[in-house]
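Shown next: my_file35.txt, containing compact mmCIF, C-alpha atoms.
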# COMPACT_ATOMS: atom_id res chain seq x y z
CA MET A 1171 -11.19 10.34 38.17
CA GLN A 1172 -14.08 10.71 35.74
CA PRO A 1173 -13.16 11.25 32.09
CA ALA A 1174 -14.21 14.66 30.82
CA THR A 1175 -17.42 14.60 28.80
CA VAL A 1176 -16.74 15.78 25.28
CA TYR A 1177 -19.61 17.41 23.46
CA SER A 1178 -19.90 16.28 19.89
CA ARG A 1179 -22.29 17.72 17.31
CA ASP A 1180 -24.51 15.36 15.34
CA ARG A 1181 -23.11 14.62 11.94
CA CYS A 1182 -24.37 14.42 8.42
CA ILE A 1183 -22.55 11.28 7.28
CA THR A 1184 -21.51 12.02 3.71
CA GLY A 1185 -21.10 8.33 2.84
CA ILE A 1186 -18.32 9.29 0.42
CA HIS A 1187 -15.38 6.86 0.62
CA GLY A 1188 -12.77 8.35 2.95
CA MET A 1189 -14.57 11.67 3.46
CA ASP A 1190 -16.15 10.90 6.83
CA GLU A 1191 -12.78 9.70 8.10
CA ILE A 1192 -11.25 13.03 7.08
CA LEU A 1193 -14.10 14.83 8.87
CA ARG A 1194 -13.90 12.57 11.94
CA GLY A 1195 -17.44 11.34 11.40
CA GLY A 1196 -19.06 13.67 8.87
CA ILE A 1197 -20.19 17.26 8.32
CA PRO A 1198 -21.82 18.82 11.42
CA TYR A 1199 -25.57 18.93 10.72
CA GLY A 1200 -26.91 22.15 9.29
CA SER A 1201 -23.52 23.39 8.08
CA THR A 1202 -23.06 25.40 4.92
CA VAL A 1203 -19.97 24.06 3.18
CA LEU A 1204 -18.25 25.78 0.30
CA CYS A 1205 -16.84 23.26 -2.15
CA SER A 1206 -14.44 25.24 -4.32
CA GLY A 1207 -12.62 23.79 -7.24
CA THR A 1208 -11.11 24.26 -10.65
CA CYS A 1209 -12.85 22.93 -13.74
CA GLY A 1210 -12.81 19.15 -14.03
CA SER A 1211 -11.80 18.65 -10.41
CA GLY A 1212 -14.90 16.56 -9.58
CA LYS A 1213 -17.08 19.11 -7.75
CA THR A 1214 -20.35 18.16 -9.42
CA THR A 1215 -19.74 14.44 -8.94
CA PHE A 1216 -18.82 15.07 -5.30
CA GLY A 1217 -22.01 17.10 -4.78
CA MET A 1218 -24.21 14.57 -6.51
CA GLU A 1219 -22.71 11.64 -4.59
CA PHE A 1220 -23.34 13.56 -1.35
CA LEU A 1221 -27.03 13.69 -2.30
CA VAL A 1222 -27.22 10.09 -3.49
CA ARG A 1223 -25.68 8.77 -0.26
CA GLY A 1224 -28.28 10.78 1.65
CA ALA A 1225 -31.10 9.47 -0.53
CA LEU A 1226 -29.88 5.92 0.05
CA SER A 1227 -30.44 6.44 3.76
CA GLY A 1228 -33.91 7.87 3.12
CA GLU A 1229 -33.13 11.60 3.30
CA ALA A 1230 -34.87 14.05 0.98
CA CYS A 1231 -32.31 15.88 -1.15
CA ALA A 1232 -32.31 18.81 -3.56
CA HIS A 1233 -29.93 19.95 -6.26
CA PHE A 1234 -30.12 23.42 -7.79
CA THR A 1235 -28.23 23.50 -11.05
CA ALA A 1236 -27.10 26.75 -12.63
CA THR A 1237 -24.17 25.50 -14.70
CA GLU A 1238 -25.84 22.88 -16.89
CA PRO A 1239 -29.43 21.86 -17.65
CA SER A 1240 -30.78 19.17 -15.33
CA VAL A 1241 -31.26 16.76 -18.24
CA LYS A 1242 -27.58 16.99 -19.12
CA LEU A 1243 -26.58 16.73 -15.47
CA LEU A 1244 -28.58 13.52 -15.04
CA GLU A 1245 -27.21 12.05 -18.26
CA ASN A 1246 -23.66 12.66 -17.02
CA ILE A 1247 -24.34 11.27 -13.58
CA ARG A 1248 -26.07 8.09 -14.82
CA GLN A 1249 -22.69 6.56 -15.70
CA TYR A 1250 -21.99 6.18 -11.99
CA ALA A 1251 -23.08 2.89 -10.46
CA PHE A 1252 -24.07 4.64 -7.23
CA PHE A 1253 -26.77 6.63 -9.01
CA ASP A 1254 -30.25 5.26 -9.57
CA MET A 1255 -32.88 7.14 -11.61
CA ASN A 1256 -35.52 5.80 -9.20
CA MET A 1257 -34.21 8.33 -6.69
CA ILE A 1258 -35.48 11.06 -9.01
CA ASP A 1259 -38.73 9.27 -9.82
CA THR A 1260 -39.56 8.68 -6.14
CA GLY A 1261 -38.75 12.26 -5.19
CA LEU A 1262 -35.81 11.48 -2.92
CA ILE A 1263 -33.57 13.59 -5.13
CA ASN A 1264 -35.13 16.75 -6.55
CA VAL A 1265 -33.26 18.57 -9.29
CA PHE A 1266 -34.15 22.17 -10.08
CA ASP A 1267 -32.92 24.25 -13.00
CA MET A 1268 -32.06 27.73 -11.76
CA ASP A 1269 -33.23 29.16 -15.08
CA VAL A 1270 -36.69 27.69 -14.49
CA LEU A 1271 -36.70 29.03 -10.94
CA TYR A 1272 -35.74 32.51 -12.20
CA SER A 1273 -38.56 32.28 -14.68
CA TRP A 1274 -41.11 31.33 -11.98
CA LEU A 1275 -39.97 34.26 -9.89
CA GLY A 1276 -39.91 36.72 -12.79
CA LEU A 1277 -36.15 37.13 -12.33
CA GLU A 1278 -35.14 36.80 -15.96
CA LYS A 1279 -32.74 39.72 -15.77
CA SER A 1280 -29.00 40.17 -15.85
CA THR A 1281 -28.62 41.83 -12.42
CA PHE A 1282 -30.38 41.13 -9.12
CA ASP A 1283 -31.19 43.81 -6.57
CA LEU A 1284 -31.95 43.37 -2.86
CA ALA A 1285 -35.60 42.46 -3.45
CA ASP A 1286 -34.66 39.88 -6.08
CA VAL A 1287 -32.10 38.31 -3.74
CA HIS A 1288 -34.69 38.03 -0.98
CA ALA A 1289 -37.21 36.50 -3.39
CA LEU A 1290 -34.60 33.95 -4.43
CA ILE A 1291 -33.72 33.07 -0.83
CA LYS A 1292 -37.40 32.73 0.02
CA SER A 1293 -38.09 30.39 -2.88
CA ILE A 1294 -35.10 28.14 -2.08
CA VAL A 1295 -36.04 28.03 1.61
CA ASP A 1296 -39.70 27.34 0.74
CA ILE A 1297 -38.70 24.39 -1.45
CA VAL A 1298 -36.41 23.02 1.27
CA ASN A 1299 -39.13 23.44 3.87
CA THR A 1300 -41.93 21.99 1.75
CA ILE A 1301 -40.04 18.87 0.68
CA GLY A 1302 -38.26 18.48 4.02
CA VAL A 1303 -34.84 18.59 2.38
CA THR A 1304 -31.94 17.70 4.67
CA ARG A 1305 -29.21 17.75 2.01
CA LEU A 1306 -28.89 20.54 -0.51
CA VAL A 1307 -26.40 21.29 -3.26
CA ILE A 1308 -26.24 24.55 -5.21
CA ASP A 1309 -24.10 24.12 -8.34
CA SER A 1310 -22.75 26.64 -8.67
CA VAL A 1311 -23.04 29.54 -6.30
CA THR A 1312 -20.53 31.37 -8.53
CA THR A 1313 -22.88 31.36 -11.52
CA LEU A 1314 -25.70 32.49 -9.25
CA CYS A 1315 -23.67 35.28 -7.67
CA TYR A 1316 -22.60 36.68 -11.05
CA LYS A 1317 -26.05 38.22 -11.16
CA ILE A 1318 -25.50 39.96 -7.83
CA LYS A 1319 -23.26 42.89 -8.46
CA SER A 1320 -22.39 44.09 -4.97
CA GLU A 1321 -20.06 42.19 -2.63
CA GLN A 1322 -22.22 43.24 0.30
CA LEU A 1323 -25.30 41.79 -1.35
CA ILE A 1324 -23.49 38.52 -2.09
CA ARG A 1325 -22.46 38.36 1.56
CA ASP A 1326 -26.04 39.03 2.72
CA PHE A 1327 -27.43 36.48 0.28
CA LEU A 1328 -25.12 33.68 1.39
CA PHE A 1329 -25.31 34.53 5.09
CA THR A 1330 -29.11 34.70 5.13
CA LEU A 1331 -29.49 31.58 2.99
CA GLY A 1332 -27.05 29.60 5.17
CA LYS A 1333 -28.73 30.75 8.38
CA LYS A 1334 -32.23 29.86 7.20
CA LEU A 1335 -31.17 26.45 5.87
CA ALA A 1336 -29.34 25.68 9.13
CA THR A 1337 -32.51 26.48 11.06
CA LEU A 1338 -34.31 23.90 8.94
CA GLY A 1339 -31.57 21.32 9.71
CA CYS A 1340 -30.41 21.26 6.12
CA THR A 1341 -26.74 20.55 5.37
CA THR A 1342 -25.76 22.54 2.30
CA ILE A 1343 -22.92 22.31 -0.18
CA LEU A 1344 -22.32 25.45 -2.21
CA ILE A 1345 -20.20 24.62 -5.22
CA SER A 1346 -17.85 27.39 -6.25
CA GLU A 1347 -15.73 27.70 -9.37
CA ILE A 1348 -12.19 28.97 -8.99
CA THR A 1349 -9.43 29.24 -11.56
CA SER A 1350 -6.57 28.08 -9.37
CA ALA A 1351 -6.32 25.96 -6.24
CA THR A 1352 -2.70 26.72 -5.38
CA GLU A 1353 -1.44 28.10 -2.08
CA ASN A 1354 -1.95 31.76 -3.02
CA ALA A 1355 -5.38 31.39 -4.55
CA HIS A 1356 -8.69 32.51 -3.09
CA TRP A 1357 -11.05 29.72 -2.14
CA SER A 1358 -13.97 31.45 -3.76
CA SER A 1359 -14.71 33.62 -6.78
CA PHE A 1360 -15.88 36.71 -4.94
CA GLY A 1361 -13.78 36.38 -1.80
CA VAL A 1362 -16.81 36.65 0.50
CA GLU A 1363 -18.19 33.12 0.25
CA GLU A 1364 -15.28 31.64 2.21
CA ALA A 1365 -15.88 33.92 5.18
CA ILE A 1366 -19.57 33.01 5.38
CA ALA A 1367 -19.20 29.25 5.02
CA ASP A 1368 -18.92 26.90 8.00
CA GLY A 1369 -16.64 24.67 6.00
CA ILE A 1370 -14.36 24.91 2.98
CA ILE A 1371 -13.42 21.95 0.81
CA VAL A 1372 -10.95 22.72 -1.97
CA MET A 1373 -10.67 20.54 -5.06
CA GLY A 1374 -8.06 20.93 -7.76
CA ASP A 1375 -5.17 19.36 -9.60
CA VAL A 1376 -1.55 18.76 -8.75
CA GLU A 1377 0.60 18.69 -11.86
CA ARG A 1378 3.16 15.94 -11.71
CA MET A 1379 5.49 15.59 -14.68
CA GLY A 1380 2.82 16.70 -17.13
CA HIS A 1381 -0.02 14.70 -15.59
CA LEU A 1382 -2.89 16.14 -13.59
CA LEU A 1383 -3.72 14.38 -10.36
CA ARG A 1384 -7.00 15.40 -8.71
CA PHE A 1385 -6.87 16.39 -5.05
CA LEU A 1386 -9.29 17.34 -2.28
CA GLN A 1387 -8.40 19.23 0.89
CA VAL A 1388 -10.61 20.22 3.81
CA VAL A 1389 -9.36 23.68 4.72
CA LYS A 1390 -11.95 24.50 7.35
CA MET A 1391 -14.90 22.80 9.03
CA ARG A 1392 -16.49 24.40 12.05
CA GLY A 1393 -17.69 22.06 14.78
CA THR A 1394 -15.37 19.15 14.13
CA GLY A 1395 -11.73 18.26 14.10
CA HIS A 1396 -10.56 17.19 10.66
CA SER A 1397 -7.55 16.34 8.56
CA ARG A 1398 -6.14 19.30 6.62
CA ALA A 1399 -3.95 17.12 4.41
CA LYS A 1400 -4.23 16.95 0.65
CA HIS A 1401 -5.97 13.80 -0.50
CA ALA A 1402 -5.73 12.34 -3.99
CA ILE A 1403 -9.12 11.53 -5.46
CA GLU A 1404 -10.31 9.20 -8.18
CA LEU A 1405 -13.78 9.33 -9.74
CA THR A 1406 -14.78 5.67 -10.01
CA PRO A 1407 -18.12 4.15 -11.03
CA LEU A 1408 -18.70 3.53 -7.32
CA GLY A 1409 -18.16 7.21 -6.59
CA VAL A 1410 -15.39 9.41 -5.30
CA MET A 1411 -12.50 7.57 -3.65
CA LEU A 1412 -9.83 9.27 -1.56
CA THR A 1413 -6.39 8.45 -0.26
CA PRO A 1414 -3.83 10.73 1.41
CA MET A 1415 -1.57 12.25 -1.19
CA LEU A 1416 2.07 11.20 -1.04
CA LYS A 1417 4.01 13.76 0.98
CA TRP A 1418 6.82 13.83 -1.58
CA GLY A 1419 4.32 14.31 -4.38
CA ALA A 1420 1.83 16.78 -2.91
CA MET A 1421 3.32 19.85 -4.54
CA SER A 1422 2.88 20.80 -8.17
CA ASP A 1423 6.06 20.57 -10.22
CA LYS A 1424 6.62 24.31 -10.03
CA GLN A 1425 6.73 24.34 -6.24
CA SER A 1426 8.37 20.99 -5.66
CA ARG A 1427 11.96 20.62 -4.57
CA TRP A 1428 12.57 17.02 -5.48
CA GLY A 1429 16.09 15.84 -5.01
CA SER A 1430 17.26 19.02 -3.30
CA MET B 333 8.46 -26.98 -22.03
CA PHE B 334 7.95 -24.19 -19.48
CA GLU B 335 9.01 -25.22 -15.97
CA LEU B 336 7.76 -23.53 -12.85
CA ASP B 337 9.90 -23.09 -9.76
CA GLN B 338 7.98 -25.34 -7.35
CA ARG B 339 9.91 -24.05 -4.32
CA ILE B 340 8.14 -20.71 -4.72
CA ALA B 341 4.75 -22.42 -4.29
CA GLU B 342 6.10 -24.17 -1.19
CA GLN B 343 7.30 -20.88 0.21
CA LEU B 344 3.91 -19.28 -0.49
CA THR B 345 2.20 -21.86 1.74
CA GLU B 346 3.95 -20.12 4.65
CA VAL B 347 2.49 -16.65 4.04
CA SER B 348 -0.82 -15.26 5.28
CA LEU B 349 -3.25 -12.81 3.69
CA ASN B 350 -1.79 -9.84 5.52
CA SER B 351 1.75 -10.66 4.44
CA ALA B 352 3.84 -8.56 2.09
CA VAL B 353 6.17 -10.66 -0.01
CA GLN B 354 9.19 -9.23 -1.75
CA VAL B 355 9.93 -11.34 -4.81
CA ARG B 356 13.39 -10.81 -6.22
CA CYS B 357 14.16 -11.93 -9.71
CA GLY B 358 16.83 -11.39 -12.34
CA ASN B 359 16.61 -10.01 -15.85
CA SER B 360 16.51 -13.41 -17.50
CA ASN B 361 14.13 -15.26 -15.17
CA ALA B 362 11.56 -12.52 -14.52
CA PHE B 363 8.63 -14.19 -16.31
CA MET B 364 9.39 -17.63 -14.86
CA VAL B 365 9.52 -16.19 -11.32
CA THR B 366 6.35 -14.16 -11.89
CA ALA B 367 4.49 -17.17 -13.26
CA SER B 368 5.79 -19.40 -10.45
CA THR B 369 4.36 -16.90 -7.97
CA LEU B 370 1.06 -16.09 -9.69
CA ILE B 371 -0.02 -19.57 -10.77
CA PRO B 372 -0.01 -21.13 -7.27
CA LEU B 373 -1.91 -18.13 -5.91
CA MET B 374 -4.63 -18.61 -8.54
CA GLN B 375 -4.71 -22.40 -8.75
CA MET B 376 -3.57 -23.74 -5.37
CA PHE B 377 -4.92 -21.02 -3.11
CA GLU B 378 -7.85 -20.03 -5.38
CA MET B 379 -7.18 -16.35 -4.95
CA GLY B 380 -8.32 -13.48 -7.11
CA GLY B 381 -6.31 -10.34 -7.44
CA VAL B 382 -4.93 -7.31 -9.16
CA TYR B 383 -1.81 -7.34 -11.32
CA ILE B 384 -0.22 -3.89 -11.65
CA CYS B 385 1.70 -3.80 -14.91
CA ALA B 386 4.46 -1.19 -14.94
CA THR B 387 7.13 -3.20 -16.76
CA ARG B 388 5.15 -4.32 -19.79
CA GLY B 389 1.63 -3.74 -21.08
CA ALA B 390 -1.16 -5.97 -19.76
CA VAL B 391 -1.85 -7.60 -23.12
CA GLU B 392 1.74 -8.78 -23.43
CA ILE B 393 1.55 -10.33 -19.96
CA ILE B 394 -1.82 -11.95 -20.66
CA ASP B 395 -0.44 -13.35 -23.93
CA GLY B 396 2.59 -14.69 -22.05
CA PHE B 397 0.37 -16.60 -19.64
CA GLU B 398 -1.89 -17.86 -22.42
CA ALA B 399 1.20 -19.16 -24.23
CA ILE B 400 1.93 -21.46 -21.29
CA GLY B 401 -1.73 -22.48 -21.04
CA VAL B 402 -2.72 -20.37 -18.04
CA ASP B 403 -6.05 -18.56 -18.01
CA VAL B 404 -5.74 -15.19 -16.27
CA SER B 405 -9.20 -13.87 -17.16
CA GLU B 406 -10.16 -13.80 -13.46
CA ILE B 407 -7.23 -11.53 -12.63
CA HIS B 408 -7.69 -7.80 -13.07
CA PHE B 409 -4.82 -5.94 -14.75
CA ILE B 410 -4.04 -2.29 -14.14
CA ASP B 411 -1.86 -1.19 -17.01
CA LEU B 412 0.45 1.79 -16.42
CA VAL B 413 2.37 1.37 -19.65
CA SER B 414 -0.02 1.32 -22.61
CA SER B 415 -1.50 4.82 -22.19
CA GLY B 416 1.93 6.13 -23.13
CA ILE B 417 1.79 4.35 -26.48
CA LEU B 418 -0.50 5.54 -29.28
CA GLY B 419 -3.17 2.89 -29.80
CA GLY B 420 -1.97 0.98 -26.76
CA THR B 421 -5.31 1.18 -25.01
CA ASP B 422 -7.31 -0.03 -28.00
CA ILE B 423 -7.92 -3.52 -26.67
CA THR B 424 -10.90 -5.76 -25.97
CA HIS B 425 -9.88 -7.47 -22.70
CA PRO B 426 -12.57 -6.64 -20.11
CA ASN B 427 -10.18 -7.32 -17.23
CA VAL B 428 -7.74 -4.53 -18.13
CA THR B 429 -7.96 -0.89 -17.06
CA PHE B 430 -5.46 1.84 -17.66
CA VAL B 431 -3.80 4.52 -15.57
CA ASP B 432 -2.27 7.35 -17.58
CA SER B 433 1.24 7.02 -16.23
CA PRO B 434 3.38 5.26 -13.61
CA ILE B 435 3.81 8.71 -12.05
CA MET B 436 0.15 8.64 -10.92
CA LEU B 437 0.93 6.47 -7.91
CA GLU B 438 -2.10 7.47 -5.83
CA SER B 439 -4.39 6.73 -8.79
CA VAL B 440 -2.88 3.25 -8.99
CA LEU B 441 -3.63 2.70 -5.30
CA LEU B 442 -7.20 3.98 -5.63
CA ARG B 443 -7.85 1.99 -8.80
CA THR B 444 -6.58 -1.13 -7.01
CA LEU B 445 -8.86 -0.45 -4.04
CA TYR B 446 -11.78 0.11 -6.39
CA THR B 447 -11.06 -3.15 -8.23
CA LEU B 448 -10.92 -5.04 -4.95
CA ARG B 449 -14.26 -3.51 -3.90
CA ILE B 450 -15.95 -5.01 -6.96
CA ALA B 451 -13.94 -8.24 -6.91
CA GLN B 452 -15.82 -11.53 -6.64
CA SER B 453 -13.10 -13.31 -4.71
CA GLU B 454 -12.91 -13.08 -0.94
CA ARG B 455 -9.17 -13.81 -0.86
CA ASN B 456 -7.10 -11.47 -2.96
CA PHE B 457 -3.57 -10.47 -3.80
CA VAL B 458 -2.06 -7.35 -5.35
CA LEU B 459 1.09 -7.75 -7.40
CA ILE B 460 3.37 -4.90 -8.46
CA ASP B 461 5.44 -5.70 -11.56
CA SER B 462 7.85 -4.08 -10.90
CA VAL B 463 9.54 -1.67 -8.50
CA ASN B 464 12.25 -1.17 -11.12
CA ALA B 465 9.77 0.13 -13.68
CA LEU B 466 8.19 2.48 -11.13
CA ALA B 467 11.68 3.74 -10.23
CA ILE B 468 12.20 4.97 -13.81
CA TYR B 469 9.51 7.61 -13.32
CA ASN B 470 9.36 8.25 -9.60
CA GLU B 471 11.86 9.93 -7.34
CA GLU B 472 13.45 7.61 -4.79
CA ARG B 473 11.90 9.15 -1.66
CA MET B 474 8.44 9.24 -3.19
CA LEU B 475 8.66 5.63 -4.32
CA ALA B 476 9.83 4.51 -0.86
CA GLU B 477 6.94 6.43 0.70
CA TYR B 478 4.51 4.91 -1.80
CA LEU B 479 5.58 1.34 -1.15
CA HIS B 480 5.28 1.99 2.57
CA THR B 481 1.70 3.26 2.11
CA PHE B 482 0.81 0.56 -0.41
CA ILE B 483 1.98 -2.36 1.72
CA ASN B 484 0.36 -1.06 4.90
CA THR B 485 -2.92 -0.30 3.10
CA PHE B 486 -3.27 -3.87 1.87
CA ARG B 487 -1.93 -5.53 5.01
CA GLN B 488 -4.66 -3.73 6.95
CA ARG B 489 -7.25 -5.05 4.48
CA GLU B 490 -5.86 -8.60 4.58
CA VAL B 491 -4.86 -8.52 0.94
CA LEU B 492 -1.59 -10.24 0.12
CA SER B 493 1.01 -7.89 -1.43
CA ILE B 494 3.57 -9.24 -3.87
CA ILE B 495 6.31 -6.80 -4.82
CA LEU B 496 8.52 -7.82 -7.74
CA ASN B 497 11.97 -6.33 -8.19
CA VAL B 498 15.35 -6.90 -9.76
CA PRO B 499 17.40 -6.05 -6.65
CA ASP B 500 20.70 -4.90 -8.14
CA GLN B 501 18.83 -2.29 -10.19
CA VAL B 502 16.54 -0.89 -7.49
CA PRO B 503 17.56 2.40 -5.85
CA PRO B 504 19.28 1.46 -2.54
CA MET B 505 16.91 3.50 -0.37
CA VAL B 506 13.86 1.80 -1.91
CA LEU B 507 15.38 -1.65 -1.53
CA ALA B 508 16.34 -1.01 2.10
CA ASN B 509 12.80 0.10 2.84
CA LEU B 510 11.31 -2.93 1.08
CA ASP B 511 13.48 -5.16 3.26
CA LEU B 512 12.00 -3.40 6.27
CA TYR B 513 8.31 -3.39 5.24
CA CYS B 514 7.99 -6.82 3.65
CA THR B 515 7.27 -9.78 5.88
CA ASP B 516 8.63 -12.44 3.50
CA LEU B 517 11.29 -12.73 0.84
CA ILE B 518 11.37 -14.98 -2.19
CA ASP B 519 14.84 -14.50 -3.59
CA ARG B 520 15.48 -15.56 -7.17
CA GLY B 521 17.52 -12.47 -7.98
CA GLN B 522 20.78 -12.94 -9.78
CA VAL B 523 23.13 -10.68 -7.94
CA VAL B 524 25.75 -9.19 -10.21
CA ILE B 525 29.08 -8.49 -8.53
CA HIS B 526 30.87 -5.70 -10.33
Hey, can you dump this file as structure tokens for me?
Amino acid sequence: MQPATVYSRDRCITGIHGMDEILRGGIPYGSTVLCSGTCGSGKTTFGMEFLVRGALSGEACAHFTATEPSVKLLENIRQYAFFDMNMIDTGLINVFDMDVLYSWLGLEKSTFDLADVHALIKSIVDIVNTIGVTRLVIDSVTTLCYKIKSEQLIRDFLFTLGKKLATLGCTTILISEITSATENAHWSSFGVEEAIADGIIVMGDVERMGHLLRFLQVVKMRGTGHSRAKHAIELTPLGVMLTPMLKWGAMSDKQSRWGS
Amino acid sequence: MFELDQRIAEQLTEVSLNSAVQVRCGNSNAFMVTASTLIPLMQMFEMGGVYICATRGAVEIIDGFEAIGVDVSEIHFIDLVSSGILGGTDITHPNVTFVDSPIMLESVLLRTLYTLRIAQSERNFVLIDSVNALAIYNEERMLAEYLHTFINTFRQREVLSIILNVPDQVPPMVLANLDLYCTDLIDRGQVVIH
């Protein structure tokens, strides 16, 4: 009897220690992945390492920063041994300040309407297309979406952006800020991002006897099997490192039932 | 004059890199047993490694070895104690890093893996000093699970695991599990019969 042929989508190998194992080989190419996390959970480092690992294998990468100026971002990321400023100088990693982009587009206003959203999508897609970007990070989509007042418009923005980037073969990480990563929390600020995304990676903290332990959990990833377990993470000079979280220690103190 | 237990070195010649050795000691001979284990690994077998300090701070251990004329500058120390003491982390040893608390067990594992990734030596050990100190902070089931994960992680990577404990003070479930996971036993524990 012949073994059944199993179709497997090509993968974007993240190169992040442990991550490709969790994803059974990497993120399916062209996916839009929402990386949601609380403050200090390691989202920006995760996103930047995703780009650096791509640049190391010769891929063109882009980072759109809306939460901090690019200069500050690069200063913070230089402490990591995996990062090399040459990647910026040689154009393998391209960092764009959203404020500068808004200024180019004449979008220096507090609220975006439909036309503004389409102009923004077009400019991002044009940059991706022109440079031939295959890995993109938007940090954060929350800050960007604050300017879009209607839920429907946010949904349209993310859906259209994701669709166009996928067509260009670009794997995208949308970083999202959330205030809580517990069981009852939303995985996005506006509640619509999680429905649009092909994948959801949640990052947060487990409180254990007064100490915060960072965790990462892949909640959803279309096109691949994956672990859904909580993984403890450590931000080392070599990048993000992951290990499965201890089963008896995976719950925050408030939810745990130790000794019962 | 400090005397090493030479029989420990002899016993260590029998273990391989993917072994997990449970080293039992008593309250009064803990440093002698630790030194008798660590010194042959460094000097006879020319191994590098990671020393996980949960019982005492790294500086105190380094000073202890220096006092008997042993250079441990090639060993990396992960100190789980000193962050809990004001000023405890204000030291100049380049081979010491700190984890906030012995409760951060996964961080200890990841920090150890990171240290081994940057290590110069091809043959390495990881030493936990001690299970008793970890048991102060960690619930019995979690500690048993951790030791299970820890030993298997390093066995798979061909890194020798050395697990120190004072057996009559280790929670029974943890000790029973250690007996199951470890491939070798060096027993210098002084069993107290109540």
(request) Using all atoms listed in the file, find the residues of chain A whose closest atom to chain B is at most 8 Å away, then write them as an NGL selection string. (result) :A and (1378-1379 or 1381 or 1383 or 1402-1404 or 1406 or 1408 or 1411-1413 or 1415-1419 or 1428-1429)
Taking all atoms of range 431-446 of chain B that appear in the file, build a box with edges along x, y and z, extend it by 4 Å on every side, and state its centre and edge lengths in Å to one decimal, as lines of an AutoDock Vina configuration file.
center_x = -4.0
center_y = 3.8
center_z = -10.8
size_x = 23.6
size_y = 17.8
size_z = 21.5
(request) Mind checking which residues fall within 10 Å of Gln343 in chain B, counting all atoms listed in the file, ignoring those fewer than 6 positions away in the same chain, and posting them as an MDAnalysis selection string? (result) chainID B and resid 369 516:518
(request) Work out how far apart CA of Ile1324 in chain A and CA of Glu1363 in chain A are and give it in Å to one decimal. (result)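 Separation of CA of Ile1324 in chain A and CA of Glu1363 in chain A: 7.9 Å.
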(request) Choose the residue, out of B:Asn361, B:Gln338, B:Ser348, B:Ser462, that has the smallest atom-to-atom separation from Val491 in chain B; count only C-alpha atoms. (result)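 Ranking B:Asn361, B:Gln338, B:Ser348, B:Ser462 by distance to Val491 in chain B, first place goes to B:Ser348.
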(request) Using only C-alpha atoms, pick whichever of A:Lys1390, A:Leu1204, A:Ile1301, A:Gly1210 has the shortest atom-to-atom distance to Glu1229 in chain A. (result) A:Ile1301
(request) Using CA of Arg1181 in chain A and CA of Ser1201 in chain A as the two end points, give the distance in Å to one decimal. (result) 9.6 Å
(message) Under the rule that only C-alpha atoms are counted, which of B:Ser405, B:Thr429, B:Gln501, B:Ser493 is the nearest residue to Val353 in chain B?
(response)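 The shortest atom-to-atom distance to Val353 in chain B comes from B:Ser493.
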(message) Taking all atoms listed in the file into account, name the residue in A:Arg1194, A:His1401, A:His1288, A:His1187 that is nearest to Gly1374 in chain A.
(response) A:His1401
(message) I'd like to know which of A:Gly1200, A:Lys1242, A:Val1222, A:Phe1216 is closest to Leu1338 in chain A, using only C-alpha atoms.
(response)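 Under the stated criterion, the closest residue is A:Gly1200.
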(request) May I ask for the distance between CA of Gln375 in chain B and CA of Ala390 in chain B, given in Å to one decimal place? (result)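 CA of Ala390 in chain B lies 20.1 Å from CA of Gln375 in chain B.
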